file coords.cif (mmCIF, C-alpha atoms and all ligand atoms)
data_start
loop_
_atom_site.label_atom_id
_atom_site.label_comp_id
_atom_site.auth_asym_id
_atom_site.auth_seq_id
_atom_site.Cartn_x
_atom_site.Cartn_y
_atom_site.Cartn_z
CA MET A 697 59.15 190.06 52.08
CA PRO A 698 60.61 186.76 50.88
CA THR A 699 59.45 183.39 52.14
CA ALA A 700 61.87 181.29 54.18
CA LYS A 701 62.62 179.21 51.10
CA GLN A 702 63.31 182.28 49.01
CA GLN A 703 65.55 183.70 51.73
CA TRP A 704 67.54 180.52 51.75
CA ALA A 705 67.85 180.61 47.95
CA MET A 706 68.94 184.25 48.02
CA ARG A 707 71.62 183.51 50.59
CA CYS A 708 72.85 180.72 48.31
CA PHE A 709 72.91 183.06 45.29
CA ALA A 710 74.79 185.73 47.20
CA GLY A 711 77.21 183.02 48.34
CA ALA A 712 77.68 181.77 44.79
CA ARG A 713 78.31 185.31 43.58
CA ARG A 714 80.90 185.82 46.32
CA PHE A 715 82.51 182.47 45.50
CA VAL A 716 82.85 183.36 41.81
CA PHE A 717 84.22 186.82 42.57
CA ASN A 718 86.78 185.46 45.03
CA LYS A 719 87.79 182.55 42.83
CA ALA A 720 88.36 184.85 39.87
CA LEU A 721 90.33 187.28 42.05
CA ALA A 722 92.46 184.46 43.48
CA LEU A 723 93.16 183.29 39.94
CA GLN A 724 94.26 186.77 38.86
CA LYS A 725 96.56 187.00 41.86
CA GLU A 726 98.06 183.58 41.21
CA ARG A 727 98.51 184.37 37.52
CA HIS A 728 100.21 187.66 38.36
CA ALA A 729 102.54 185.99 40.90
CA GLN A 730 103.67 183.59 38.17
CA GLY A 731 104.35 186.52 35.86
CA GLY A 732 101.33 185.81 33.69
CA GLN A 733 98.99 188.21 31.95
CA TYR A 734 95.77 189.71 33.30
CA ILE A 735 92.73 187.62 32.39
CA GLY A 736 90.08 189.67 30.60
CA TYR A 737 86.34 189.39 31.17
CA VAL A 738 85.58 187.20 28.14
CA ALA A 739 88.20 184.58 29.04
CA MET A 740 87.07 184.64 32.66
CA ALA A 741 83.42 184.15 31.66
CA ARG A 742 84.50 181.05 29.74
CA LEU A 743 86.15 179.76 32.92
CA LEU A 744 82.92 180.41 34.79
CA THR A 745 81.13 178.00 32.47
CA LEU A 746 83.72 175.35 33.39
CA TRP A 747 83.27 175.99 37.12
CA ARG A 748 79.52 175.73 36.80
CA HIS A 749 79.85 172.31 35.22
CA SER A 750 82.67 171.14 37.48
CA GLU A 751 81.94 168.30 39.87
CA GLU A 752 83.68 170.12 42.75
CA THR A 753 81.11 172.92 42.78
CA PRO A 754 77.81 171.40 41.65
CA TRP A 755 75.84 173.97 43.67
CA LEU A 756 77.07 176.77 41.40
CA LYS A 757 74.67 175.52 38.76
CA GLU A 758 71.79 176.14 41.17
CA ALA A 759 72.40 179.90 41.04
CA PRO A 760 71.21 181.96 38.06
CA VAL A 761 74.02 182.53 35.57
CA HIS A 762 73.63 186.25 34.87
CA PRO A 763 74.36 187.42 38.42
CA LEU A 764 77.49 185.25 38.42
CA GLN A 765 78.68 186.79 35.17
CA HIS A 766 77.97 190.15 36.68
CA ALA A 767 80.31 189.33 39.57
CA LEU A 768 83.09 188.95 36.99
CA LYS A 769 82.13 192.32 35.49
CA ASP A 770 82.33 193.89 38.95
CA LEU A 771 85.80 192.41 39.37
CA GLU A 772 86.80 193.65 35.92
CA ARG A 773 85.74 197.16 36.87
CA ALA A 774 87.59 196.93 40.19
CA PHE A 775 90.76 196.02 38.27
CA GLN A 776 90.24 198.82 35.72
CA ASN A 777 89.94 201.28 38.61
CA PHE A 778 93.09 199.84 40.13
CA PHE A 779 95.03 200.06 36.84
CA ALA A 780 93.88 203.65 36.39
CA LYS A 781 95.04 204.37 40.00
CA ARG A 782 91.52 205.37 41.02
CA ALA A 783 91.32 202.63 43.64
CA GLY A 784 93.42 200.14 45.55
CA TYR A 785 93.94 196.50 44.65
CA PRO A 786 90.62 194.57 44.59
CA ARG A 787 89.86 192.79 47.84
CA PHE A 788 88.15 189.51 48.55
CA CYS A 789 84.46 189.59 49.45
CA LYS A 790 83.54 188.48 52.93
CA ARG A 791 80.36 186.83 54.02
CA GLY A 792 77.92 189.38 55.38
CA GLU A 793 79.68 192.27 53.65
CA ARG A 794 77.70 193.65 50.73
CA ASP A 795 75.79 190.40 50.25
CA SER A 796 74.15 191.03 46.92
CA PHE A 797 73.57 189.88 43.38
CA ARG A 798 72.28 191.57 40.26
CA TYR A 799 70.01 190.57 37.41
CA PRO A 800 71.10 192.55 34.36
CA ASP A 801 68.59 191.17 31.84
CA PRO A 802 65.22 192.99 31.85
CA LYS A 803 63.66 190.20 29.78
CA GLN A 804 63.88 187.88 32.78
CA ILE A 805 62.31 190.31 35.24
CA LYS A 806 58.59 190.76 35.70
CA LEU A 807 57.37 193.64 37.81
CA ASP A 808 53.78 193.71 39.07
CA GLN A 809 53.55 197.02 40.92
CA GLY A 810 49.81 196.83 41.51
CA ASN A 811 50.30 193.78 43.71
CA ALA A 812 53.76 194.86 44.96
CA ARG A 813 55.53 191.79 43.70
CA ILE A 814 58.44 191.04 41.40
CA SER A 815 59.43 187.86 39.61
CA LEU A 816 63.14 187.02 39.37
CA PRO A 817 64.88 184.04 37.77
CA LYS A 818 65.10 180.98 40.01
CA LEU A 819 63.26 182.80 42.82
CA GLY A 820 59.78 183.23 41.38
CA TRP A 821 57.37 185.87 42.60
CA LEU A 822 58.62 187.84 45.61
CA ARG A 823 56.40 190.20 47.56
CA TYR A 824 57.98 193.49 48.53
CA ARG A 825 57.14 196.55 50.57
CA LYS A 826 56.74 199.35 48.07
CA SER A 827 58.74 202.45 48.94
CA ARG A 828 58.00 204.23 45.68
CA THR A 829 56.54 203.75 42.21
CA VAL A 830 58.96 202.58 39.56
CA LEU A 831 58.81 204.83 36.50
CA GLY A 832 59.90 203.90 32.98
CA ARG A 833 61.43 200.71 31.64
CA VAL A 834 63.11 198.35 34.10
CA LYS A 835 66.80 197.96 33.23
CA GLN A 836 68.22 195.81 35.99
CA VAL A 837 67.51 194.62 39.49
CA THR A 838 69.87 194.26 42.44
CA VAL A 839 68.99 192.15 45.46
CA CYS A 840 70.97 192.80 48.63
CA ALA A 841 70.93 192.00 52.33
CA SER A 842 71.53 194.67 54.93
CA GLY A 843 71.06 194.49 58.67
CA GLY A 844 69.20 191.17 58.43
CA LYS A 845 66.71 192.45 55.84
CA TRP A 846 66.50 191.94 52.10
CA PHE A 847 66.22 194.84 49.67
CA VAL A 848 65.49 195.00 45.99
CA ALA A 849 66.75 197.98 43.98
CA ILE A 850 65.14 198.48 40.59
CA GLN A 851 66.98 200.57 38.04
CA SER A 852 64.83 202.02 35.30
CA GLU A 853 65.15 204.30 32.32
CA TRP A 854 62.86 206.97 30.95
CA ASP A 855 63.10 210.19 28.97
CA VAL A 856 63.01 213.54 30.71
CA ASN A 857 62.96 217.02 29.23
CA LYS A 858 65.95 219.14 30.00
CA PRO A 859 64.98 220.91 33.23
CA LEU A 860 65.13 224.64 33.73
CA PRO A 861 66.82 225.73 36.95
CA GLN A 862 64.38 226.52 39.75
CA GLY A 863 66.68 228.78 41.69
CA THR A 864 68.37 231.76 40.12
CA THR A 865 71.05 232.29 42.72
CA ALA A 866 74.56 230.98 43.21
CA VAL A 867 76.01 229.74 46.46
CA GLY A 868 79.44 228.83 47.78
CA ILE A 869 79.84 226.04 50.33
CA ASP A 870 82.67 225.59 52.80
CA LEU A 871 82.69 222.13 54.31
CA GLY A 872 84.00 221.91 57.84
CA ILE A 873 84.06 220.03 61.07
CA VAL A 874 82.52 222.55 63.47
CA HIS A 875 79.68 223.18 61.03
CA PHE A 876 78.91 220.51 58.49
CA ALA A 877 78.84 223.34 55.97
CA ALA A 878 78.90 227.12 55.90
CA LEU A 879 77.08 228.80 53.00
CA SER A 880 78.15 232.06 51.41
CA ASP A 881 74.79 233.62 52.33
CA GLY A 882 75.79 233.41 55.97
CA THR A 883 73.77 230.35 56.98
CA PHE A 884 75.18 227.20 58.52
CA ILE A 885 74.30 223.53 58.45
CA ALA A 886 74.91 221.90 61.81
CA PRO A 887 76.94 218.68 61.78
CA LEU A 888 75.27 215.36 62.16
CA ASN A 889 77.59 213.14 64.07
CA SER A 890 75.49 210.10 63.47
CA PHE A 891 78.37 207.85 64.23
CA GLY A 892 79.33 209.75 67.35
CA ARG A 893 75.77 209.61 68.62
CA HIS A 894 75.47 205.89 68.09
CA GLU A 895 79.07 205.13 68.86
CA ASP A 896 78.53 204.21 72.50
CA ARG A 897 75.76 201.81 71.69
CA LEU A 898 77.83 200.27 68.96
CA ARG A 899 80.87 199.91 71.19
CA ARG A 900 78.78 198.24 73.86
CA ALA A 901 77.29 195.85 71.33
CA GLN A 902 80.74 195.04 69.97
CA ARG A 903 82.07 194.37 73.45
CA ALA A 904 79.13 192.11 74.18
CA MET A 905 79.85 190.23 70.98
CA SER A 906 83.53 189.75 71.82
CA ARG A 907 82.60 188.15 75.14
CA LYS A 908 80.51 185.44 73.46
CA VAL A 909 81.90 182.15 72.24
CA LYS A 910 82.60 182.57 68.54
CA TYR A 911 79.97 181.07 66.20
CA SER A 912 77.69 180.19 69.12
CA ALA A 913 73.99 181.05 68.95
CA ASN A 914 74.48 183.99 71.32
CA TRP A 915 77.45 185.23 69.33
CA LYS A 916 75.35 185.23 66.18
CA LYS A 917 72.62 187.18 67.96
CA ALA A 918 75.16 189.74 69.20
CA LYS A 919 76.67 189.99 65.73
CA ALA A 920 73.26 190.63 64.19
CA ARG A 921 72.81 193.46 66.69
CA VAL A 922 76.13 195.03 65.68
CA GLN A 923 75.16 194.80 62.02
CA ARG A 924 71.77 196.35 62.69
CA LEU A 925 73.46 199.29 64.41
CA HIS A 926 75.83 199.74 61.49
CA ALA A 927 72.91 199.73 59.06
CA ARG A 928 71.03 202.22 61.23
CA ILE A 929 74.01 204.60 61.35
CA ALA A 930 74.37 204.42 57.57
CA ASN A 931 70.66 205.14 57.07
CA VAL A 932 70.65 208.16 59.37
CA ARG A 933 73.69 209.57 57.66
CA ARG A 934 72.34 209.00 54.15
CA ASP A 935 69.03 210.61 55.07
CA PHE A 936 70.83 213.69 56.42
CA LEU A 937 73.00 214.11 53.33
CA HIS A 938 70.05 213.68 50.98
CA LYS A 939 67.96 216.29 52.78
CA GLN A 940 70.77 218.85 52.80
CA SER A 941 71.82 218.32 49.19
CA THR A 942 68.20 218.49 47.98
CA THR A 943 67.56 221.76 49.78
CA ILE A 944 70.70 223.35 48.38
CA CYS A 945 70.06 222.24 44.80
CA ASN A 946 66.40 223.30 44.90
CA ASN A 947 67.31 226.79 46.01
CA HIS A 948 70.39 227.53 43.95
CA ALA A 949 71.21 227.13 40.28
CA LEU A 950 74.98 227.33 40.72
CA VAL A 951 76.69 225.53 43.59
CA CYS A 952 80.41 226.06 44.18
CA ILE A 953 82.46 223.89 46.50
CA GLU A 954 86.11 223.47 47.33
CA ASP A 955 87.87 220.87 45.25
CA LEU A 956 89.25 219.09 48.29
CA ARG A 957 90.77 215.76 47.69
CA VAL A 958 88.63 214.03 50.25
CA ARG A 959 90.45 210.77 49.75
CA ASN A 960 93.82 212.40 50.39
CA MET A 961 92.58 214.14 53.50
CA SER A 962 91.24 210.99 54.99
CA LYS A 963 94.39 209.02 54.26
CA SER A 964 96.05 207.37 57.21
CA ALA A 965 97.42 210.05 59.49
CA ALA A 966 99.96 207.68 60.98
CA GLY A 967 102.09 207.89 57.83
CA SER A 968 104.52 205.14 56.92
CA ARG A 969 107.30 203.58 58.95
CA GLU A 970 109.90 205.67 57.08
CA ARG A 971 107.92 208.88 57.41
CA PRO A 972 105.74 208.82 60.51
CA GLY A 973 102.94 211.37 60.49
CA ARG A 974 102.83 214.44 62.69
CA ASN A 975 99.91 215.33 64.98
CA VAL A 976 98.72 211.77 64.47
CA ARG A 977 96.01 211.93 67.11
CA ALA A 978 94.56 215.24 65.96
CA LYS A 979 94.61 214.17 62.32
CA ALA A 980 93.08 210.82 63.11
CA GLY A 981 90.26 212.71 64.82
CA LEU A 982 89.80 214.90 61.74
CA ASN A 983 89.84 211.91 59.44
CA LYS A 984 87.22 210.17 61.49
CA ALA A 985 85.07 213.28 61.41
CA ILE A 986 85.44 213.53 57.63
CA ARG A 987 84.43 209.92 57.15
CA ASP A 988 81.55 210.43 59.52
CA GLN A 989 80.29 213.47 57.62
CA GLY A 990 80.40 211.72 54.27
CA TRP A 991 81.75 214.67 52.30
CA TYR A 992 82.52 212.62 49.25
CA GLU A 993 79.00 211.25 49.15
CA PHE A 994 77.64 214.77 49.71
CA ARG A 995 79.55 216.07 46.73
CA ARG A 996 78.34 213.18 44.58
CA GLN A 997 74.74 213.96 45.50
CA LEU A 998 75.14 217.68 44.84
CA MET A 999 76.54 216.88 41.42
CA TYR A 1000 73.64 214.78 40.16
CA LYS A 1001 70.93 216.76 41.91
CA ALA A 1002 72.20 220.04 40.47
CA ALA A 1003 72.07 218.42 37.02
CA TRP A 1004 68.52 217.16 37.67
CA GLN A 1005 67.44 220.69 38.49
CA GLY A 1006 69.13 222.18 35.46
CA GLY A 1007 71.80 223.83 37.59
CA MET A 1008 75.47 223.00 37.99
CA LEU A 1009 78.06 222.09 40.57
CA LEU A 1010 81.50 223.61 40.29
CA ALA A 1011 84.55 222.49 42.25
CA VAL A 1012 87.15 225.24 42.58
CA PRO A 1013 90.82 225.10 43.71
CA PRO A 1014 90.94 225.59 47.47
CA GLN A 1015 94.18 227.59 47.88
CA ASN A 1016 93.91 230.44 50.40
CA THR A 1017 90.11 230.48 50.52
CA SER A 1018 90.30 230.79 54.28
CA ARG A 1019 92.90 233.58 54.30
CA THR A 1020 91.69 235.94 51.58
CA CYS A 1021 89.64 238.98 52.44
CA PRO A 1022 86.40 238.98 50.42
CA CYS A 1023 86.22 242.75 50.78
CA CYS A 1024 89.66 243.98 49.69
CA GLY A 1025 91.41 240.80 48.51
CA HIS A 1026 94.23 240.99 51.03
CA VAL A 1027 95.81 237.52 51.50
CA SER A 1028 97.52 236.82 54.80
CA PRO A 1029 97.53 234.17 57.51
CA ASP A 1030 97.12 237.08 59.95
CA ASN A 1031 93.57 237.51 58.65
CA ARG A 1032 92.63 234.36 60.45
CA ARG A 1033 93.17 235.25 64.10
CA SER A 1034 91.34 232.23 65.47
CA GLN A 1035 89.68 229.15 64.08
CA ALA A 1036 86.26 230.79 64.15
CA ARG A 1037 86.91 234.47 63.42
CA PHE A 1038 88.13 236.24 60.30
CA ALA A 1039 89.44 239.80 60.65
CA CYS A 1040 91.21 241.42 57.70
CA ALA A 1041 94.53 242.95 58.70
CA ALA A 1042 94.28 245.54 55.91
CA CYS A 1043 90.67 246.77 55.82
CA ARG A 1044 89.29 245.53 59.17
CA TYR A 1045 86.52 243.50 57.52
CA GLU A 1046 85.16 240.94 60.01
CA ASN A 1047 83.00 237.85 59.68
CA ASN A 1048 82.78 234.22 60.63
CA ALA A 1049 85.80 232.43 59.16
CA ASP A 1050 83.79 229.64 57.54
CA THR A 1051 81.37 232.10 55.95
CA VAL A 1052 84.35 233.98 54.53
CA GLY A 1053 85.65 230.68 53.11
CA ALA A 1054 82.30 230.04 51.42
CA MET A 1055 82.21 233.60 50.00
CA ASN A 1056 85.68 233.15 48.53
CA ILE A 1057 84.71 229.80 47.04
CA LEU A 1058 81.71 231.40 45.36
CA ALA A 1059 83.78 234.31 44.02
CA ARG A 1060 86.33 231.86 42.65
CA GLY A 1061 83.61 229.79 40.99
CA ILE A 1062 82.21 232.86 39.29
CA ARG A 1063 85.68 233.77 38.01
CA VAL A 1064 86.18 230.24 36.65
CA ILE A 1065 82.90 230.48 34.73
CA ALA A 1066 83.75 233.91 33.37
CA CYS A 1067 87.09 232.58 32.10
CA ARG A 1068 85.37 229.66 30.41
CA ALA A 1069 82.81 231.92 28.76
CA GLU A 1070 85.60 234.18 27.56
CA ALA A 1071 87.56 231.28 26.12
CA GLN A 1072 84.49 229.96 24.30
CA SER A 1073 83.26 233.22 22.89
CA GLY A 1074 86.77 234.33 21.98
CA THR A 1075 86.12 237.87 23.12
CA ALA A 1076 87.46 239.43 26.26
CA MET A 1077 84.91 240.36 28.83
CA LYS A 1078 84.66 244.02 29.73
CA GLN A 1079 84.64 243.30 33.41
CA GLU A 1080 84.56 240.39 35.76
CA PRO A 1081 81.07 239.29 36.71
CA THR A 1082 80.17 240.34 40.19
CA GLY A 1083 76.87 238.71 41.03
CA ALA A 1084 75.32 235.28 40.87
CA LEU A 1085 72.97 236.15 38.03
CA GLU A 1086 75.73 237.41 35.81
CA ALA A 1087 77.70 234.26 36.52
CA LEU A 1088 74.77 232.12 35.54
CA GLN A 1089 74.27 234.13 32.40
CA PHE A 1090 77.90 233.51 31.50
CA ALA A 1091 77.55 229.85 32.33
CA ALA A 1092 74.48 229.65 30.12
CA SER A 1093 76.17 231.40 27.22
CA ALA A 1094 79.22 229.15 27.61
CA ASP A 1095 77.28 225.92 27.58
CA GLY A 1096 74.38 226.96 25.38
CA ILE A 1097 71.66 226.37 27.96
CA PRO A 1098 68.76 228.84 27.71
CA PHE A 1099 69.14 231.19 30.62
CA LEU A 1100 66.35 231.83 33.03
CA SER A 1101 65.89 235.52 33.77
CA ALA A 1102 65.28 236.69 37.28
ZN ZN A 1201 90.22 243.34 53.65
#

call {"tool": "encode", "arguments": {"input": "coords.cif", "output": "structure tokens"}}
result
Amino acid sequence: MPTAKQQWAMRCFAGARRFVFNKALALQKERHAQGGQYIGYVAMARLLTLWRHSEETPWLKEAPVHPLQHALKDLERAFQNFFAKRAGYPRFCKRGERDSFRYPDPKQIKLDQGNARISLPKLGWLRYRKSRTVLGRVKQVTVCASGGKWFVAIQSEWDVNKPLPQGTTAVGIDLGIVHFAALSDGTFIAPLNSFGRHEDRLRRAQRAMSRKVKYSANWKKAKARVQRLHARIANVRRDFLHKQSTTICNNHALVCIEDLRVRNMSKSAAGSRERPGRNVRAKAGLNKAIRDQGWYEFRRQLMYKAAWQGGMLLAVPPQNTSRTCPCCGHVSPDNRRSQARFACAACRYENNADTVGAMNILARGIRVIACRAEAQSGTAMKQEPTGALEALQFAASADGIPFLSA
């Protein structure tokens, strides 16, 4: 709940951060085009000092220095990800896109939770609406704008005892489009097409914006509406994913999912000019659905929540999970008569196709764990584990975690 003056200052700081990030990126690009070497963080931070004292950009000195240095660190990480082929080439920041800045030095931050206020360098005391109590020692604080509101994220650190898993069961998850997920116990999670549901409203708002004169007062109002809708969609989606991943991790100690390369699947369906894609429309629809469902984010949440609960997440290779019979092991495309139904051609076993996928994923996860346990103990196992509890026992013996008995 910043005052008008503080809001103005925060917009300036976010602008200064963006300016530094973009200037540093432009410099790297220019240097590369001239055949020069990549500029490391330390050298770039020295340049930042020059910029702050330059007469061309006197306003840079008005912004706190740590968040500006942090912008260079963000760029450094973006380049490291690019060099390691984890991400594309860093892009310039745009105004209104991830407007944020970060204070990395806890010595400069004062948190007064009783009065719901926080003191930050060059901003002073800010009142905030408390969404939860901050536990432990404050490490760093990020201020960001989203949908016309300001948010403060406080990262803290404290010691926790190693948790014991609450659930004792294992579950396989098959992510899909028709269902958001099918579980190996036969239950389904319905999809949340947050984007689809809000899409019409968003499209209307975007059309309204395009009819306004650019940069006029009405255009700005329309743009704010579009941004609010975007923020709303993101919130609904995040809430959905958090609820689902929490439920799963609370109930199961071992969670197995398909190791789908989500990024590959959601790559442009159109292909390149040399190799145009096939079924472009259908694939584009699938890609949109994948993005909408947030599978990657879901997997990320499952991973850390399973660890919080003392359980584990296992990603298994996805080959043939939808065509293998969980009853007799027969592998054939004929097993999958339709998109929804699985019927084994050999033993006549029948079930929902997505449930079968989830069962196969679970079985594969259990095999992976058994192999690991075998490799670690150096002795061959008498038989493959069949149930969830055995799998967890093997997992425990492999990793040395005390196992919780049923
Ligand atoms: Zn069969």

call {"tool": "residues_near_ligand", "arguments": {"input": "coords.cif", "ligand": "ligand ZN 1201 (chain A)", "cutoff": "8 Å", "atoms": "all atoms listed in the file", "output": "VMD selection string"}}
result
chain A and resid 1020 to 1026 1039 to 1045

call {"tool": "closest_residue", "arguments": {"input": "coords.cif", "among": "A:Arg828, A:Asp870, A:Val951, A:Gly843", "to": "Ala930 (chain A)", "atoms": "all atoms listed in the file"}}
result
A:Gly843

call {"tool": "atom_distance", "arguments": {"input": "coords.cif", "atom1": "CA of Thr864 (chain A)", "atom2": "CA of Trp991 (chain A)"}}
result
24.9 Å

call {"tool": "closest_residue", "arguments": {"input": "coords.cif", "among": "A:Thr1051, A:Asn1016, A:Gln902, A:Asn1031", "to": "Phe884 (chain A)", "atoms": "all atoms listed in the file"}}
result
A:Thr1051

call {"tool": "closest_residue", "arguments": {"input": "coords.cif", "among": "A:Pro800, A:Arg833, A:Arg748, A:Thr753", "to": "Lys769 (chain A)", "atoms": "only C-alpha atoms"}}
result
A:Pro800

call {"tool": "atom_distance", "arguments": {"input": "coords.cif", "atom1": "CA of Ala886 (chain A)", "atom2": "CA of Val1027 (chain A)"}}
result
28.1 Å

call {"tool": "residues_around", "arguments": {"input": "coords.cif", "residues": "Arg813 (chain A)", "least_positions_apart": "5", "cutoff": "12 Å", "atoms": "only C-alpha atoms", "output": "VMD selection string"}}
result
chain A and resid 697 to 698 805 to 808 819 to 826 848

call {"tool": "closest_residue", "arguments": {"input": "coords.cif", "among": "A:Lys1001, A:Arg782, A:Arg1060, A:Arg1019", "to": "His938 (chain A)", "atoms": "only C-alpha atoms"}}
result
A:Lys1001

call {"tool": "build_atoms", "arguments": {"input": "coords.cif", "residues": "region 698-706 of chain A", "atoms": "all heavy atoms", "output": "CSV table (one decimal), in the frame of the given file"}}
result
chain,number,residue,atom,x,y,z
A,698,PRO,N,60.4,188.1,51.5
A,698,PRO,CA,60.6,186.8,50.9
A,698,PRO,C,60.2,185.7,51.9
A,698,PRO,O,60.2,185.9,53.1
A,698,PRO,CB,62.1,186.7,50.6
A,698,PRO,CG,62.7,187.6,51.6
A,698,PRO,CD,61.7,188.7,51.9
A,699,THR,N,59.8,184.5,51.3
A,699,THR,CA,59.4,183.4,52.1
A,699,THR,C,60.8,182.8,52.6
A,699,THR,O,61.8,183.2,52.2
A,699,THR,CB,58.7,182.3,51.3
A,699,THR,OG1,59.6,181.9,50.3
A,699,THR,CG2,57.5,182.9,50.7
A,700,ALA,N,60.7,181.9,53.6
A,700,ALA,CA,61.9,181.3,54.2
A,700,ALA,C,62.7,180.6,53.1
A,700,ALA,O,63.9,180.7,53.0
A,700,ALA,CB,61.5,180.3,55.3
A,701,LYS,N,62.0,179.9,52.2
A,701,LYS,CA,62.6,179.2,51.1
A,701,LYS,C,63.4,180.2,50.2
A,701,LYS,O,64.5,179.9,49.7
A,701,LYS,CB,61.6,178.4,50.3
A,701,LYS,CG,62.1,177.2,49.7
A,701,LYS,CD,60.9,176.4,49.0
A,701,LYS,CE,61.5,175.6,47.9
A,701,LYS,NZ,60.4,175.1,47.1
A,702,GLN,N,62.7,181.3,49.9
A,702,GLN,CA,63.3,182.3,49.0
A,702,GLN,C,64.5,182.9,49.7
A,702,GLN,O,65.5,183.2,49.0
A,702,GLN,CB,62.3,183.4,48.6
A,702,GLN,CG,61.3,182.9,47.6
A,702,GLN,CD,60.2,183.9,47.4
A,702,GLN,OE1,59.8,184.6,48.3
A,702,GLN,NE2,59.6,183.9,46.2
A,703,GLN,N,64.4,183.1,51.0
A,703,GLN,CA,65.6,183.7,51.7
A,703,GLN,C,66.8,182.8,51.7
A,703,GLN,O,67.9,183.2,51.5
A,703,GLN,CB,65.2,183.9,53.2
A,703,GLN,CG,64.3,185.1,53.4
A,703,GLN,CD,64.2,185.5,54.9
A,703,GLN,OE1,65.2,185.4,55.6
A,703,GLN,NE2,63.0,185.9,55.3
A,704,TRP,N,66.5,181.5,51.8
A,704,TRP,CA,67.5,180.5,51.8
A,704,TRP,C,68.2,180.5,50.4
A,704,TRP,O,69.4,180.5,50.2
A,704,TRP,CB,66.9,179.1,52.1
A,704,TRP,CG,68.0,178.1,52.1
A,704,TRP,CD1,68.8,177.8,53.2
A,704,TRP,CD2,68.3,177.1,51.1
A,704,TRP,NE1,69.6,176.7,52.8
A,704,TRP,CE2,69.3,176.3,51.6
A,704,TRP,CE3,67.8,176.9,49.8
A,704,TRP,CZ2,69.9,175.3,50.8
A,704,TRP,CZ3,68.4,175.9,49.0
A,704,TRP,CH2,69.4,175.1,49.5
A,705,ALA,N,67.3,180.6,49.3
A,705,ALA,CA,67.8,180.6,48.0
A,705,ALA,C,68.7,181.9,47.7
A,705,ALA,O,69.8,181.8,47.1
A,705,ALA,CB,66.7,180.6,47.0
A,706,MET,N,68.2,183.0,48.2
A,706,MET,CA,68.9,184.2,48.0
A,706,MET,C,70.3,184.2,48.7
A,706,MET,O,71.3,184.7,48.2
A,706,MET,CB,68.1,185.4,48.5
A,706,MET,CG,66.9,185.7,47.6
A,706,MET,SD,66.1,187.3,47.8
A,706,MET,CE,65.4,187.1,49.5
